[in-house]
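Q: First the structure, which I've put down as structure tokens, then a few questions once you've had a look.
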Amino acid sequence: MPIKSPFSSSIAKPGHGEVVLSLLPPCNPSLTTLTYKYPLKLLTRTAGIVPQAPSSLSTSCPSQPVHLYLLTYGGGLLPGDHISVSITLDPRTRMVVTTPQGSTKIFKTEPPSPTKPIHKPVVDKSRQTLDVHIAADAALCYLPDPAVPYKDSRYEQIQTFTVDGNSNTSSLCLLDWVTQGRTSRGENWDFHLWRGRNEIWSTAPATEHDTPGQKPKKKQLLLRDSLILDSEVDLDAESDSEDGTLGSTRTHDQNLIRERTHPYGVVGTLILYGPVFERLGAFMLERFTSLPRIGARNWASSSLEQAATDAAPNYDSLVTFTAARVRGGFVLVKFGAEDFATAKDWLGMVLREEGTILSEFGEEALFCM
Amino acid sequence: MTVKTTVQDLQQEIADLEARLRDARSRLALASASPPDGGDSSYLPLPKDTIPLVPTHALLLLSDSALPLGSFAYSSGLESYLAHNKPLPRSVTSIVSFHRFLKLSIASMASTSIPYVLAGYWCPADLETLDNDLDASTPCIVAQRASLAQGRALLGVWERAFRGTYAASPFLAGSAAAKAVKMIESFSDALKSCLDTVDELGPKGHFAPLWGVVCLAMGMDARQTAYVFMLNHAKAVLSAAVRASVMGPYQAQNVLASRSLQAMITQRIDREWDTPVEDAGQIVPPLDLWVGRHELLYSRIFNS
């Protein structure tokens, strides 16, 4: 097999990146592919690329996690930027993905100015797509910083994860959260659009009632978590309208996103799947079900006015969350908190207390917490 | 009311009108062939194969609050919302707070379910895929239970009550309705033969896509299908508000009759009219939290 030149890039499109993580015998994780192009940058913490076909030698030891850092020049996304990353985890590999530049900043879209009529039909969005394939016994831990959409920004991200449907031994820990913007500058859900979609597909249907001879195995959607925060301000209509009406429609529009997210400053979802995160999932469920009942009264106490929920404020009372085991063995945790710091502290505290992430992926997986 | 129409919509409308025109012509021919004999001549017998149905009959049946879907058992998060926002700040009355919830709930229901209702209506053949995808897209188990209970109840009503009339002779909508009937039957069979466990990924019976297919089978048009779906949701929330003593029954009817509610529903349907099911999603994130935390309430009068 010819050695690939480190200088040639097989990725033609800007913003695209591709990573393939394989396991070399005996238990040596190595990146067989690592390519990227401006404005995307990918860094890893293993040695160089080893151009060698992986062997099928099996050992029981879990492989060392490989760290992948997602970077963009400038630490954020400008309108029109399209980042597209494809990650493939071969069997029994482990990967940690973090964003060492802090929160993903979504820079603002040029507002349609009433003086200069804009003829572009649609204002450019920033987009980010992530496509991950997780093979059997492989695990991905993706705990990034939250997205921080600046005022007037438009952003869309689609993260697709494909797990092995035959063995059901792929593992995934995925955090996706979005904040109200730069609070220090008074931003409070002032962006135009934030659309986040996380999909988890299974390569083969889990139910095997099909005939074995049937060749095309359909992918099945296991989980889709879709959040749309849209100010529903029609930019096209506004740029078409005359100056006078523009001002009036603007003032009449109350901030829909703020209204729909009230009283939270950050909302997010944590998705847990697979054997590696089984214990963490159970821990989150236990934590949720042992929350004090809402509206319960402490009948033992003499004053009936004091609700039991008032007692002892702890981390769990600062963050509103739900945890549920949904179909396919997923544990879904949804949370909302007043501000970023509260949510971050809570997540960090919970994940450290449980310990799976620390023992399986190391302290650095919690880099963003 | 601004009405958006698609080519498909118009084609179906034309087909409907043509069928009715043919029907009327044949009856006219029948009437003119047999000479009138007396004062009763203004009442003409209908041909045997057309069910003497007023087109709005199905609409009235499906919008009836007595339709046994058990929708009254669900508050769609209202009960939990009230508990989470207690006590209210002095400046906010409980009515104002309720109106906020109603607005959020309608917006959220439209963005998560209307694409599935319409997809079920347009492509009844995809019913099983739609059901699977909606099941995958409903992150909250409390909401999931509510959707499943109502979907299965609708299937039950169809089998025990509507099928006799509407499956026997698909009258107006023609081939599309016949296909819808076939899809409901096969879906119902698949549902019955599937093991009912949590981890099983078989057919579930979610409400939204089934609603679309059943409405198609009963000859409703797409606009009505979406509108009645949303109105029924609003009715359920308001009925829950009355029972949770947020407001009285007259006030609830007042809200239901209001122009603003009509405008709100129409606006939400217009917005989701062309949304593909892949782009359906939650637009009110706290609602997922409230509905999910319904299980934590110390006392409950609703199932969601």
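To be explicit about the labels: the chains of the structure tokens are called A, B, and onward in the order shown, and within each one the residues are counted from 1, while ligands get numbers from 1 in the order they are shown.
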Mind listing as a list in words which residues of chain A are within 6 Å of chain B, counting only C-alpha atoms?
A: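 Listing them in order of chain and number gives Leu222, Leu223, Arg224, Asp225, Ser226, Leu227, Ile228, Leu229, Arg260, Arg293, Ile294, Gly295, Ala296, Thr322, Arg327 and Gly328 of chain A.
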Q: Which residues, written as a PDB file with C-alpha atoms, in the first residue's frame, have at least one atom at most 7 Å from Gly268 (chain A), with only C-alpha atoms counted and residues fewer than 3 positions away on the same chain left out?
A:
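Printed below is out05.pdb as written:
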ATOM      1  CA  ASP A 176     -25.924  19.583  22.541  1.00  0.00           C
ATOM      2  CA  TRP A 177     -26.651  22.903  24.166  1.00  0.00           C
ATOM      3  CA  VAL A 178     -27.324  26.437  23.131  1.00  0.00           C
ATOM      4  CA  LYS A 334     -33.149  17.533  28.779  1.00  0.00           C
ATOM      5  CA  PHE A 335     -32.239  20.508  30.862  1.00  0.00           C
ATOM      6  CA  GLY A 336     -32.778  24.207  31.137  1.00  0.00           C
TER       7      GLY A 336
END
Q: With a distance cut-off of 12 Å and only C-alpha atoms, select the neighbouring residues of Leu61 (chain B), excluding the residue or stretch itself and same-chain residues fewer than 4 positions from it, and output the selection as a ChimeraX atom specification.
A: /B:54-57,65-68,157-158,161-162,214-215,218,220,228,232
Q: Could you write those residues out with N, CA and C atoms, as a PDB file, in the first residue's frame?
A:
ATOM      1  N   VAL B  54     -73.570  14.485   3.644  1.00  0.00           N
ATOM      2  CA  VAL B  54     -73.195  15.875   3.517  1.00  0.00           C
ATOM      3  C   VAL B  54     -71.676  15.896   3.686  1.00  0.00           C
ATOM      4  N   PRO B  55     -70.965  16.627   2.858  1.00  0.00           N
ATOM      5  CA  PRO B  55     -69.498  16.576   2.958  1.00  0.00           C
ATOM      6  C   PRO B  55     -68.975  16.962   4.334  1.00  0.00           C
ATOM      7  N   THR B  56     -69.709  17.767   5.056  1.00  0.00           N
ATOM      8  CA  THR B  56     -69.207  18.211   6.351  1.00  0.00           C
ATOM      9  C   THR B  56     -69.519  17.223   7.471  1.00  0.00           C
ATOM     10  N   HIS B  57     -70.213  16.132   7.120  1.00  0.00           N
ATOM     11  CA  HIS B  57     -70.606  15.191   8.168  1.00  0.00           C
ATOM     12  C   HIS B  57     -69.390  14.610   8.893  1.00  0.00           C
ATOM     13  N   SER B  65     -66.305  16.800  20.484  1.00  0.00           N
ATOM     14  CA  SER B  65     -65.519  16.531  21.696  1.00  0.00           C
ATOM     15  C   SER B  65     -65.955  15.222  22.350  1.00  0.00           C
ATOM     16  N   ALA B  66     -67.080  14.646  21.872  1.00  0.00           N
ATOM     17  CA  ALA B  66     -67.505  13.350  22.405  1.00  0.00           C
ATOM     18  C   ALA B  66     -66.869  12.187  21.639  1.00  0.00           C
ATOM     19  N   LEU B  67     -66.036  12.494  20.657  1.00  0.00           N
ATOM     20  CA  LEU B  67     -65.325  11.429  19.945  1.00  0.00           C
ATOM     21  C   LEU B  67     -64.473  10.674  20.963  1.00  0.00           C
ATOM     22  N   PRO B  68     -64.687   9.381  21.105  1.00  0.00           N
ATOM     23  CA  PRO B  68     -64.049   8.696  22.249  1.00  0.00           C
ATOM     24  C   PRO B  68     -62.552   8.448  22.071  1.00  0.00           C
ATOM     25  N   VAL B 157     -61.789   3.589  17.265  1.00  0.00           N
ATOM     26  CA  VAL B 157     -63.025   4.226  16.802  1.00  0.00           C
ATOM     27  C   VAL B 157     -63.241   3.922  15.324  1.00  0.00           C
ATOM     28  N   TRP B 158     -62.152   3.956  14.584  1.00  0.00           N
ATOM     29  CA  TRP B 158     -62.250   3.649  13.159  1.00  0.00           C
ATOM     30  C   TRP B 158     -62.782   2.228  12.960  1.00  0.00           C
ATOM     31  N   ALA B 161     -66.446   1.878  14.616  1.00  0.00           N
ATOM     32  CA  ALA B 161     -67.542   2.779  14.268  1.00  0.00           C
ATOM     33  C   ALA B 161     -67.509   3.282  12.830  1.00  0.00           C
ATOM     34  N   PHE B 162     -66.371   3.812  12.415  1.00  0.00           N
ATOM     35  CA  PHE B 162     -66.363   4.496  11.123  1.00  0.00           C
ATOM     36  C   PHE B 162     -66.211   3.551   9.946  1.00  0.00           C
ATOM     37  N   VAL B 214     -56.775   8.747   8.678  1.00  0.00           N
ATOM     38  CA  VAL B 214     -58.206   8.530   8.932  1.00  0.00           C
ATOM     39  C   VAL B 214     -59.038   9.654   8.304  1.00  0.00           C
ATOM     40  N   CYS B 215     -58.548  10.894   8.416  1.00  0.00           N
ATOM     41  CA  CYS B 215     -59.270  12.007   7.814  1.00  0.00           C
ATOM     42  C   CYS B 215     -59.352  11.848   6.302  1.00  0.00           C
ATOM     43  N   MET B 218     -61.925   9.451   5.367  1.00  0.00           N
ATOM     44  CA  MET B 218     -63.288   9.922   5.582  1.00  0.00           C
ATOM     45  C   MET B 218     -63.633  11.102   4.688  1.00  0.00           C
ATOM     46  N   MET B 220     -62.104  14.062   4.159  1.00  0.00           N
ATOM     47  CA  MET B 220     -61.862  15.455   4.561  1.00  0.00           C
ATOM     48  C   MET B 220     -60.796  16.044   3.645  1.00  0.00           C
ATOM     49  N   VAL B 228     -58.796  20.887  12.118  1.00  0.00           N
ATOM     50  CA  VAL B 228     -59.523  20.177  13.173  1.00  0.00           C
ATOM     51  C   VAL B 228     -58.537  19.581  14.180  1.00  0.00           C
ATOM     52  N   ASN B 232     -58.910  20.634  17.950  1.00  0.00           N
ATOM     53  CA  ASN B 232     -59.138  19.628  18.985  1.00  0.00           C
ATOM     54  C   ASN B 232     -58.101  19.739  20.097  1.00  0.00           C
TER      55      ASN B 232
END
Q: What's around Asp152 (chain A) at 7 Å? Count only C-alpha atoms, leave out sequence neighbours fewer than 3 positions away in its own chain, and write the answer as a ChimeraX atom specification.
A: /A:108-109,190-192
